[in-house]
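S.K.: One file: final-v7.cif (mmCIF, N, CA and C atoms).
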```cif
data_input
loop_
_atom_site.label_atom_id
_atom_site.label_comp_id
_atom_site.auth_asym_id
_atom_site.auth_seq_id
_atom_site.Cartn_x
_atom_site.Cartn_y
_atom_site.Cartn_z
N GLN A 394 12.62 -2.80 -15.93
CA GLN A 394 11.67 -2.44 -14.88
C GLN A 394 11.36 -3.66 -14.02
N VAL A 395 11.23 -3.42 -12.74
CA VAL A 395 10.98 -4.50 -11.80
C VAL A 395 9.53 -4.46 -11.34
N GLN A 396 8.85 -5.59 -11.47
CA GLN A 396 7.47 -5.63 -11.03
C GLN A 396 7.40 -5.91 -9.54
N LEU A 397 6.55 -5.15 -8.87
CA LEU A 397 6.36 -5.32 -7.45
C LEU A 397 5.31 -6.39 -7.19
N VAL A 398 5.37 -7.01 -6.02
CA VAL A 398 4.44 -8.09 -5.69
C VAL A 398 3.83 -7.82 -4.32
N GLU A 399 2.51 -7.65 -4.32
CA GLU A 399 1.80 -7.39 -3.08
C GLU A 399 1.18 -8.67 -2.53
N SER A 400 1.02 -8.73 -1.21
CA SER A 400 0.38 -9.88 -0.58
C SER A 400 -0.23 -9.46 0.75
N GLY A 401 -1.06 -10.33 1.31
CA GLY A 401 -1.60 -10.09 2.64
C GLY A 401 -3.06 -9.69 2.69
N GLY A 402 -3.68 -9.51 1.54
CA GLY A 402 -5.08 -9.12 1.53
C GLY A 402 -5.99 -10.27 1.93
N GLY A 403 -7.29 -9.96 2.01
CA GLY A 403 -8.25 -10.99 2.36
C GLY A 403 -9.58 -10.38 2.76
N LEU A 404 -10.42 -11.24 3.29
CA LEU A 404 -11.74 -10.84 3.77
C LEU A 404 -11.67 -10.63 5.29
N VAL A 405 -12.12 -9.50 5.75
CA VAL A 405 -12.06 -9.19 7.18
C VAL A 405 -13.34 -8.45 7.58
N GLN A 406 -13.74 -8.64 8.81
CA GLN A 406 -14.92 -7.95 9.31
C GLN A 406 -14.59 -6.51 9.67
N PRO A 407 -15.58 -5.63 9.63
CA PRO A 407 -15.34 -4.24 10.07
C PRO A 407 -14.73 -4.21 11.47
N GLY A 408 -13.73 -3.36 11.63
CA GLY A 408 -13.01 -3.28 12.89
C GLY A 408 -11.79 -4.18 12.96
N GLY A 409 -11.65 -5.05 11.98
CA GLY A 409 -10.53 -5.98 11.97
C GLY A 409 -9.25 -5.37 11.44
N SER A 410 -8.22 -6.21 11.33
CA SER A 410 -6.89 -5.75 10.91
C SER A 410 -6.32 -6.67 9.84
N LEU A 411 -5.47 -6.10 9.01
CA LEU A 411 -4.69 -6.83 8.03
C LEU A 411 -3.33 -6.17 7.91
N ARG A 412 -2.34 -6.96 7.53
CA ARG A 412 -1.02 -6.43 7.25
C ARG A 412 -0.63 -6.81 5.83
N LEU A 413 -0.45 -5.79 5.01
CA LEU A 413 -0.06 -6.00 3.63
C LEU A 413 1.46 -5.91 3.50
N SER A 414 1.99 -6.68 2.57
CA SER A 414 3.43 -6.65 2.28
C SER A 414 3.65 -6.40 0.80
N CYS A 415 4.75 -5.75 0.51
CA CYS A 415 5.12 -5.47 -0.89
C CYS A 415 6.59 -5.81 -1.05
N ALA A 416 6.86 -6.80 -1.87
CA ALA A 416 8.24 -7.18 -2.16
C ALA A 416 8.74 -6.33 -3.32
N ALA A 417 9.83 -5.64 -3.09
CA ALA A 417 10.39 -4.74 -4.09
C ALA A 417 11.80 -5.19 -4.43
N PRO A 418 11.96 -6.19 -5.29
CA PRO A 418 13.28 -6.72 -5.59
C PRO A 418 14.19 -5.66 -6.17
N GLY A 419 15.44 -5.71 -5.79
CA GLY A 419 16.39 -4.77 -6.35
C GLY A 419 16.68 -3.64 -5.39
N SER A 420 17.90 -3.32 -5.25
CA SER A 420 18.32 -2.31 -4.28
C SER A 420 17.88 -0.91 -4.67
N ILE A 421 17.50 -0.70 -5.94
CA ILE A 421 17.18 0.65 -6.37
C ILE A 421 15.98 1.22 -5.62
N PHE A 422 15.07 0.37 -5.19
CA PHE A 422 13.89 0.87 -4.52
C PHE A 422 14.21 1.44 -3.14
N LYS A 423 15.38 1.15 -2.62
CA LYS A 423 15.74 1.65 -1.30
C LYS A 423 15.88 3.16 -1.30
N ILE A 424 16.12 3.77 -2.45
CA ILE A 424 16.37 5.21 -2.47
C ILE A 424 15.11 6.01 -2.76
N PHE A 425 14.01 5.31 -3.08
CA PHE A 425 12.80 6.02 -3.45
C PHE A 425 11.79 6.11 -2.31
N THR A 426 10.98 7.16 -2.34
CA THR A 426 9.77 7.16 -1.54
C THR A 426 8.83 6.11 -2.11
N MET A 427 8.29 5.28 -1.25
CA MET A 427 7.37 4.23 -1.66
C MET A 427 5.97 4.53 -1.15
N GLY A 428 4.99 4.04 -1.86
CA GLY A 428 3.63 4.32 -1.46
C GLY A 428 2.71 3.12 -1.61
N TRP A 429 1.65 3.15 -0.85
CA TRP A 429 0.54 2.20 -1.02
C TRP A 429 -0.62 2.96 -1.65
N TYR A 430 -1.15 2.36 -2.70
CA TYR A 430 -2.26 2.92 -3.44
C TYR A 430 -3.43 1.94 -3.32
N ARG A 431 -4.63 2.42 -3.57
CA ARG A 431 -5.77 1.52 -3.62
C ARG A 431 -6.75 1.95 -4.69
N GLN A 432 -7.45 0.95 -5.21
CA GLN A 432 -8.45 1.22 -6.24
C GLN A 432 -9.72 0.47 -5.87
N ALA A 433 -10.73 1.25 -5.52
CA ALA A 433 -12.03 0.67 -5.19
C ALA A 433 -12.80 0.42 -6.49
N PRO A 434 -13.78 -0.46 -6.46
CA PRO A 434 -14.56 -0.77 -7.66
C PRO A 434 -15.16 0.49 -8.27
N GLY A 435 -14.92 0.70 -9.55
CA GLY A 435 -15.48 1.84 -10.26
C GLY A 435 -14.81 3.17 -9.98
N LYS A 436 -13.70 3.14 -9.27
CA LYS A 436 -13.02 4.39 -8.92
C LYS A 436 -11.57 4.37 -9.40
N GLN A 437 -10.97 5.55 -9.38
CA GLN A 437 -9.57 5.64 -9.78
C GLN A 437 -8.64 5.18 -8.67
N ARG A 438 -7.45 4.79 -9.04
CA ARG A 438 -6.43 4.41 -8.09
C ARG A 438 -5.93 5.66 -7.37
N VAL A 439 -5.85 5.59 -6.04
CA VAL A 439 -5.41 6.74 -5.26
C VAL A 439 -4.32 6.32 -4.27
N LEU A 440 -3.49 7.27 -3.93
CA LEU A 440 -2.42 7.06 -2.96
C LEU A 440 -3.01 7.21 -1.55
N VAL A 441 -2.72 6.24 -0.67
CA VAL A 441 -3.23 6.35 0.69
C VAL A 441 -2.13 6.53 1.73
N ALA A 442 -0.91 6.11 1.43
CA ALA A 442 0.18 6.27 2.38
C ALA A 442 1.50 6.28 1.62
N ARG A 443 2.45 7.03 2.15
CA ARG A 443 3.78 7.09 1.53
C ARG A 443 4.82 7.10 2.63
N ILE A 444 6.03 6.62 2.28
CA ILE A 444 7.13 6.62 3.24
C ILE A 444 8.41 6.92 2.49
N THR A 445 9.18 7.85 3.02
CA THR A 445 10.44 8.21 2.38
C THR A 445 11.49 7.15 2.65
N ALA A 446 12.62 7.26 1.96
CA ALA A 446 13.71 6.32 2.20
C ALA A 446 14.19 6.40 3.64
N GLY A 447 14.05 7.56 4.24
CA GLY A 447 14.48 7.73 5.62
C GLY A 447 13.44 7.34 6.65
N GLY A 448 12.24 7.00 6.20
CA GLY A 448 11.23 6.50 7.12
C GLY A 448 10.14 7.48 7.51
N SER A 449 10.11 8.66 6.92
CA SER A 449 9.04 9.61 7.23
C SER A 449 7.78 9.23 6.46
N ALA A 450 6.65 9.22 7.18
CA ALA A 450 5.40 8.74 6.58
C ALA A 450 4.34 9.83 6.53
N LEU A 451 3.51 9.74 5.49
CA LEU A 451 2.35 10.61 5.35
C LEU A 451 1.16 9.77 4.93
N TYR A 452 -0.04 10.22 5.35
CA TYR A 452 -1.25 9.46 5.07
C TYR A 452 -2.35 10.37 4.55
N THR A 453 -3.22 9.79 3.73
CA THR A 453 -4.41 10.53 3.35
C THR A 453 -5.35 10.56 4.56
N ASP A 454 -6.19 11.59 4.62
CA ASP A 454 -7.01 11.79 5.82
C ASP A 454 -7.89 10.59 6.16
N SER A 455 -8.36 9.90 5.16
CA SER A 455 -9.32 8.81 5.41
C SER A 455 -8.71 7.61 6.14
N VAL A 456 -7.39 7.50 6.14
CA VAL A 456 -6.75 6.35 6.80
C VAL A 456 -5.87 6.78 7.97
N LYS A 457 -5.73 8.08 8.17
CA LYS A 457 -4.86 8.59 9.22
C LYS A 457 -5.32 8.07 10.58
N GLY A 458 -4.36 7.56 11.37
CA GLY A 458 -4.68 7.04 12.69
C GLY A 458 -5.08 5.57 12.68
N ARG A 459 -5.31 5.01 11.48
CA ARG A 459 -5.71 3.61 11.40
C ARG A 459 -4.68 2.77 10.66
N PHE A 460 -4.02 3.36 9.67
CA PHE A 460 -3.02 2.66 8.86
C PHE A 460 -1.63 3.12 9.24
N THR A 461 -0.67 2.20 9.16
CA THR A 461 0.73 2.52 9.40
C THR A 461 1.57 1.90 8.30
N ILE A 462 2.33 2.75 7.61
CA ILE A 462 3.24 2.28 6.57
C ILE A 462 4.64 2.17 7.16
N SER A 463 5.36 1.15 6.76
CA SER A 463 6.73 0.97 7.22
C SER A 463 7.53 0.29 6.12
N ARG A 464 8.84 0.29 6.27
CA ARG A 464 9.68 -0.33 5.26
C ARG A 464 10.88 -0.99 5.89
N ASP A 465 11.33 -2.05 5.25
CA ASP A 465 12.53 -2.77 5.65
C ASP A 465 13.46 -2.70 4.46
N ASN A 466 14.34 -1.73 4.46
CA ASN A 466 15.20 -1.53 3.29
C ASN A 466 16.15 -2.71 3.08
N ALA A 467 16.57 -3.34 4.17
CA ALA A 467 17.47 -4.49 4.02
C ALA A 467 16.76 -5.64 3.31
N GLY A 468 15.46 -5.78 3.61
CA GLY A 468 14.69 -6.85 3.00
C GLY A 468 13.90 -6.43 1.78
N ASN A 469 14.07 -5.18 1.35
CA ASN A 469 13.37 -4.68 0.18
C ASN A 469 11.86 -4.91 0.27
N THR A 470 11.29 -4.60 1.43
CA THR A 470 9.87 -4.83 1.65
C THR A 470 9.22 -3.60 2.25
N VAL A 471 8.02 -3.31 1.78
CA VAL A 471 7.21 -2.23 2.33
C VAL A 471 5.95 -2.84 2.91
N TYR A 472 5.53 -2.35 4.07
CA TYR A 472 4.38 -2.91 4.75
C TYR A 472 3.28 -1.86 4.92
N LEU A 473 2.06 -2.34 5.06
CA LEU A 473 0.94 -1.47 5.43
C LEU A 473 0.10 -2.20 6.48
N GLN A 474 0.21 -1.74 7.71
CA GLN A 474 -0.61 -2.28 8.78
C GLN A 474 -1.92 -1.52 8.79
N MET A 475 -3.01 -2.25 8.67
CA MET A 475 -4.33 -1.63 8.58
C MET A 475 -5.18 -2.10 9.75
N ASN A 476 -5.56 -1.17 10.60
CA ASN A 476 -6.39 -1.46 11.77
C ASN A 476 -7.73 -0.75 11.65
N SER A 477 -8.67 -1.17 12.47
CA SER A 477 -10.01 -0.55 12.49
C SER A 477 -10.57 -0.42 11.08
N LEU A 478 -10.50 -1.49 10.33
CA LEU A 478 -10.92 -1.45 8.93
C LEU A 478 -12.41 -1.18 8.80
N LYS A 479 -12.74 -0.45 7.74
CA LYS A 479 -14.12 -0.05 7.45
C LYS A 479 -14.53 -0.60 6.08
N PRO A 480 -15.80 -0.77 5.84
CA PRO A 480 -16.23 -1.25 4.52
C PRO A 480 -15.70 -0.38 3.38
N GLU A 481 -15.55 0.91 3.62
CA GLU A 481 -15.04 1.81 2.57
C GLU A 481 -13.56 1.61 2.28
N ASP A 482 -12.89 0.79 3.06
CA ASP A 482 -11.50 0.44 2.77
C ASP A 482 -11.40 -0.69 1.75
N THR A 483 -12.54 -1.26 1.38
CA THR A 483 -12.55 -2.33 0.39
C THR A 483 -11.99 -1.84 -0.94
N ALA A 484 -10.96 -2.52 -1.44
CA ALA A 484 -10.28 -2.10 -2.66
C ALA A 484 -9.18 -3.11 -2.98
N VAL A 485 -8.60 -2.96 -4.16
CA VAL A 485 -7.36 -3.65 -4.47
C VAL A 485 -6.23 -2.71 -4.10
N TYR A 486 -5.28 -3.21 -3.34
CA TYR A 486 -4.18 -2.41 -2.85
C TYR A 486 -2.90 -2.72 -3.63
N TYR A 487 -2.20 -1.67 -4.01
CA TYR A 487 -0.97 -1.78 -4.78
C TYR A 487 0.14 -0.97 -4.11
N CYS A 488 1.36 -1.35 -4.37
CA CYS A 488 2.48 -0.50 -3.95
C CYS A 488 3.25 -0.08 -5.19
N ASN A 489 3.93 1.03 -5.07
CA ASN A 489 4.78 1.54 -6.13
C ASN A 489 5.59 2.69 -5.56
N ARG A 490 6.56 3.11 -6.31
CA ARG A 490 7.35 4.26 -5.90
C ARG A 490 6.53 5.53 -6.14
N LEU A 491 7.09 6.66 -5.70
CA LEU A 491 6.51 7.96 -6.02
C LEU A 491 7.54 8.77 -6.80
N PRO A 492 7.18 9.32 -7.97
CA PRO A 492 5.95 9.03 -8.68
C PRO A 492 5.93 7.58 -9.18
N PRO A 493 4.76 7.03 -9.41
CA PRO A 493 4.69 5.61 -9.77
C PRO A 493 5.33 5.32 -11.13
N GLU A 494 5.95 4.17 -11.21
CA GLU A 494 6.56 3.70 -12.44
C GLU A 494 5.58 2.74 -13.10
N SER A 495 5.16 3.07 -14.30
CA SER A 495 4.07 2.33 -14.92
C SER A 495 4.37 0.85 -15.08
N GLY A 496 5.62 0.52 -15.36
CA GLY A 496 5.96 -0.88 -15.57
C GLY A 496 6.14 -1.67 -14.30
N SER A 497 6.03 -1.03 -13.16
CA SER A 497 6.26 -1.71 -11.89
C SER A 497 4.99 -2.11 -11.16
N TRP A 498 3.84 -1.73 -11.70
CA TRP A 498 2.60 -2.11 -11.02
C TRP A 498 2.49 -3.64 -10.95
N GLY A 499 2.21 -4.14 -9.77
CA GLY A 499 1.99 -5.56 -9.60
C GLY A 499 0.51 -5.89 -9.72
N PRO A 500 0.14 -7.12 -9.42
CA PRO A 500 -1.26 -7.53 -9.53
C PRO A 500 -2.13 -6.97 -8.42
N GLY A 501 -1.52 -6.44 -7.36
CA GLY A 501 -2.29 -5.94 -6.24
C GLY A 501 -2.76 -7.06 -5.34
N THR A 502 -3.31 -6.67 -4.21
CA THR A 502 -3.89 -7.64 -3.28
C THR A 502 -5.26 -7.13 -2.85
N GLN A 503 -6.25 -8.00 -2.92
CA GLN A 503 -7.63 -7.61 -2.68
C GLN A 503 -7.93 -7.57 -1.18
N VAL A 504 -8.53 -6.47 -0.76
CA VAL A 504 -8.98 -6.33 0.62
C VAL A 504 -10.50 -6.13 0.58
N ILE A 505 -11.21 -6.99 1.30
CA ILE A 505 -12.67 -6.87 1.38
C ILE A 505 -13.04 -6.76 2.85
N VAL A 506 -13.70 -5.67 3.19
CA VAL A 506 -14.14 -5.45 4.56
C VAL A 506 -15.67 -5.57 4.58
N SER A 507 -16.14 -6.65 5.19
CA SER A 507 -17.56 -6.93 5.16
C SER A 507 -17.93 -7.85 6.29
N SER A 508 -19.14 -7.67 6.80
CA SER A 508 -19.64 -8.55 7.84
C SER A 508 -20.46 -9.69 7.22
#
```
Please re-express this file's structure in structure tokens.

M.R.:
Amino acid sequence: QVQLVESGGGLVQPGGSLRLSCAAPGSIFKIFTMGWYRQAPGKQRVLVARITAGGSALYTDSVKGRFTISRDNAGNTVYLQMNSLKPEDTAVYYCNRLPPESGSWGPGTQVIVSS
């Protein structure tokens, strides 16, 4: 199993932007739908965006119109561009395939939206 590595999180003011990256070593991830998940304090981990191997994307309603998921199959990287961030977007963000592979969860990257 290959562990994924997320990066790009940080502290940002409401209305700000961040771009998250997920390094997915190994060509096998190129054939899977990949997703960005998030886990807020005291809550379960939830899927917020997904992208197929062909590039079709879907979003949960709470991030639709603000987040954009993309992938670079040649570079084995998945991105999440987050705009118009809100305090309720505060969470640890993870990437994984769909359905998620338990052994592939990385450490996540912390996003804090606060003034």

S.K.: Please identify all polymer residues within 5 Å of Thr502 (chain A), counting only N, CA and C atoms, omitting same-chain residues fewer than 3 positions from it, and present them as a list in words.

M.R.: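 Contacts, in chain order: Gly402, Val485 and Tyr486 of chain A.
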
S.K.: What is the distance between atom N of Arg438 (chain A) and atom N of Val395 (chain A), in Å to one decimal?

M.R.: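 Here the two named atoms are 20.7 Å from each other.
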
S.K.: Using the chain letters and numbers from this file, what does the PyMOL selection byres ((chain A and resi 431-435) around 6) select? Give the answer as an NGL selection string.

M.R.: :A and (429-430 or 436-441 or 483-487)

S.K.: Give me, as a list in words, all polymer residues having an atom no more than 10 Å from Glu481 (chain A), counting only C-alpha atoms and skipping those fewer than 4 positions away in the same chain.

M.R.: Pro407, Ala433, Ser455, Ile505, Val506 and Ser507 of chain A

S.K.: Mind listing the strand (DSSP E or B) residues of chain A, per DSSP on the backbone, as a PyMOL selection string?

M.R.: chain A and resi 398-400+403-405+411-416+427-432+439-444+450-452+460-465+470-475+484-490+502-506

S.K.: Closest to Pro492 (chain A) among A:Met427, A:Leu473, A:Leu413, A:Leu397, using all atoms listed in the file?

M.R.: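 When distances to Pro492 (chain A) are compared using all atoms listed in the file, the smallest one comes from A:Met427.
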
S.K.: For Arg464 (chain A), list every protein, DNA or RNA residue within 8 Å, evaluated using all atoms listed in the file, and leave out those in the same chain fewer than 4 positions away; present the list as a list of chain:residue names.

M.R.: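 Here the qualifying residues turn out to be A:Ile444, A:Gly448, A:Gly468, A:Asn469, A:Thr470, A:Val471, A:Tyr472, A:Leu473.
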
S.K.: What is the atom C of Thr426 (chain A)-atom C of Leu491 (chain A) distance in Å, reported with one decimal?

M.R.: 5.5 Å

S.K.: Tell me, as a list in words, which residues lie within 8 Å of Gln396 (chain A), counting only N, CA and C atoms; anything in the same chain fewer than 4 positions away does not count.

M.R.: Ala416, Ala417, Pro418, Gly496, Ser497, Trp498, Gly499 and Pro500 of chain A

S.K.: Do you have the atom C of Asn466 (chain A)-CA of Gly419 (chain A) distance handy?

M.R.: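 Interatomic distance here is 9.7 Å.
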
S.K.: Can you list, as number ranges by chain, every protein, DNA or RNA residue that comes within 6 Å of Ser477 (chain A) when you count only N, CA and C atoms, leaving out same-chain residues fewer than 6 positions away?

M.R.: A: 407-410, 459

S.K.: Compare A:Ala442, A:Tyr452, A:Leu411, A:Gly447 by their minimum atom-to-atom distance to Asn489 (chain A), counting only C-alpha atoms, and give me the closest one.

M.R.: A:Ala442

S.K.: List, as a ChimeraX atom specification, every residue that the PyMOL selection byres (((chain A and resi 457 and name CA) around 12) and name CA) selects in the file provided.

M.R.: /A:441-443,450-456,458-462,474-478

S.K.: For the selection you just gave me, I'd like the residues written to a file as an mmCIF file, keeping the file's coordinate frame, keeping N, CA and C atoms.

M.R.:
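That gives us again.cif:
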```cif
data_model
loop_
_atom_site.group_PDB
_atom_site.id
_atom_site.type_symbol
_atom_site.label_atom_id
_atom_site.label_comp_id
_atom_site.auth_asym_id
_atom_site.auth_seq_id
_atom_site.Cartn_x
_atom_site.Cartn_y
_atom_site.Cartn_z
ATOM 1 N N VAL A 441 -2.720 6.240 -0.670
ATOM 2 C CA VAL A 441 -3.230 6.350 0.690
ATOM 3 C C VAL A 441 -2.130 6.530 1.730
ATOM 4 N N ALA A 442 -0.910 6.110 1.430
ATOM 5 C CA ALA A 442 0.180 6.270 2.380
ATOM 6 C C ALA A 442 1.500 6.280 1.620
ATOM 7 N N ARG A 443 2.450 7.030 2.150
ATOM 8 C CA ARG A 443 3.780 7.090 1.530
ATOM 9 C C ARG A 443 4.820 7.100 2.630
ATOM 10 N N ALA A 450 6.650 9.220 7.180
ATOM 11 C CA ALA A 450 5.400 8.740 6.580
ATOM 12 C C ALA A 450 4.340 9.830 6.530
ATOM 13 N N LEU A 451 3.510 9.740 5.490
ATOM 14 C CA LEU A 451 2.350 10.610 5.350
ATOM 15 C C LEU A 451 1.160 9.770 4.930
ATOM 16 N N TYR A 452 -0.040 10.220 5.350
ATOM 17 C CA TYR A 452 -1.250 9.460 5.070
ATOM 18 C C TYR A 452 -2.350 10.370 4.550
ATOM 19 N N THR A 453 -3.220 9.790 3.730
ATOM 20 C CA THR A 453 -4.410 10.530 3.350
ATOM 21 C C THR A 453 -5.350 10.560 4.560
ATOM 22 N N ASP A 454 -6.190 11.590 4.620
ATOM 23 C CA ASP A 454 -7.010 11.790 5.820
ATOM 24 C C ASP A 454 -7.890 10.590 6.160
ATOM 25 N N SER A 455 -8.360 9.900 5.160
ATOM 26 C CA SER A 455 -9.320 8.810 5.410
ATOM 27 C C SER A 455 -8.710 7.610 6.140
ATOM 28 N N VAL A 456 -7.390 7.500 6.140
ATOM 29 C CA VAL A 456 -6.750 6.350 6.800
ATOM 30 C C VAL A 456 -5.870 6.780 7.970
ATOM 31 N N GLY A 458 -4.360 7.560 11.370
ATOM 32 C CA GLY A 458 -4.680 7.040 12.690
ATOM 33 C C GLY A 458 -5.080 5.570 12.680
ATOM 34 N N ARG A 459 -5.310 5.010 11.480
ATOM 35 C CA ARG A 459 -5.710 3.610 11.400
ATOM 36 C C ARG A 459 -4.680 2.770 10.660
ATOM 37 N N PHE A 460 -4.020 3.360 9.670
ATOM 38 C CA PHE A 460 -3.020 2.660 8.860
ATOM 39 C C PHE A 460 -1.630 3.120 9.240
ATOM 40 N N THR A 461 -0.670 2.200 9.160
ATOM 41 C CA THR A 461 0.730 2.520 9.400
ATOM 42 C C THR A 461 1.570 1.900 8.300
ATOM 43 N N ILE A 462 2.330 2.750 7.610
ATOM 44 C CA ILE A 462 3.240 2.280 6.570
ATOM 45 C C ILE A 462 4.640 2.170 7.160
ATOM 46 N N GLN A 474 0.210 -1.740 7.710
ATOM 47 C CA GLN A 474 -0.610 -2.280 8.780
ATOM 48 C C GLN A 474 -1.920 -1.520 8.790
ATOM 49 N N MET A 475 -3.010 -2.250 8.670
ATOM 50 C CA MET A 475 -4.330 -1.630 8.580
ATOM 51 C C MET A 475 -5.180 -2.100 9.750
ATOM 52 N N ASN A 476 -5.560 -1.170 10.600
ATOM 53 C CA ASN A 476 -6.390 -1.460 11.770
ATOM 54 C C ASN A 476 -7.730 -0.750 11.650
ATOM 55 N N SER A 477 -8.670 -1.170 12.470
ATOM 56 C CA SER A 477 -10.010 -0.550 12.490
ATOM 57 C C SER A 477 -10.570 -0.420 11.080
ATOM 58 N N LEU A 478 -10.500 -1.490 10.330
ATOM 59 C CA LEU A 478 -10.920 -1.450 8.930
ATOM 60 C C LEU A 478 -12.410 -1.180 8.800
#
```

S.K.: Looking at A:Val398, A:Arg490, A:Leu404, A:Ser449, which one is nearest to Phe422 (chain A), with distances taken over all atoms listed in the file?

M.R.: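 Of A:Val398, A:Arg490, A:Leu404, A:Ser449, the one nearest Phe422 (chain A) is A:Arg490, counting all atoms listed in the file.
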
S.K.: Let me make sure I understand: among A:Cys488, A:Ala467, A:Val504, A:Glu494, which one has the smallest atom-to-atom distance to Glu399 (chain A) if we use all atoms listed in the file?

M.R.: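 Ranked by minimum distance to Glu399 (chain A), first place goes to A:Cys488.
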
S.K.: Go through region 398-500 of chain A and collect every residue that DSSP, computed from the backbone, puts in helix (DSSP H, G or I); the answer should be as a list in words.

M.R.: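 Answer for region 398-500 of chain A restricted to helix (DSSP H, G or I) is Ser420, Ile421, Phe422, Lys423, Ile424, Pro480, Glu481, Asp482, Ser495, Gly496 and Ser497 of chain A.
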
S.K.: Can you tell me, as JSON, the centre and edge lengths (Å, one decimal) of the axis-aligned box enclosing all of region 451-461 of chain A's listed atoms after padding each side by 5 Å?

M.R.:
```
{"center_x": -2.9, "center_y": 6.8, "center_z": 8.0, "size_x": 22.8, "size_y": 19.9, "size_z": 19.3}
```
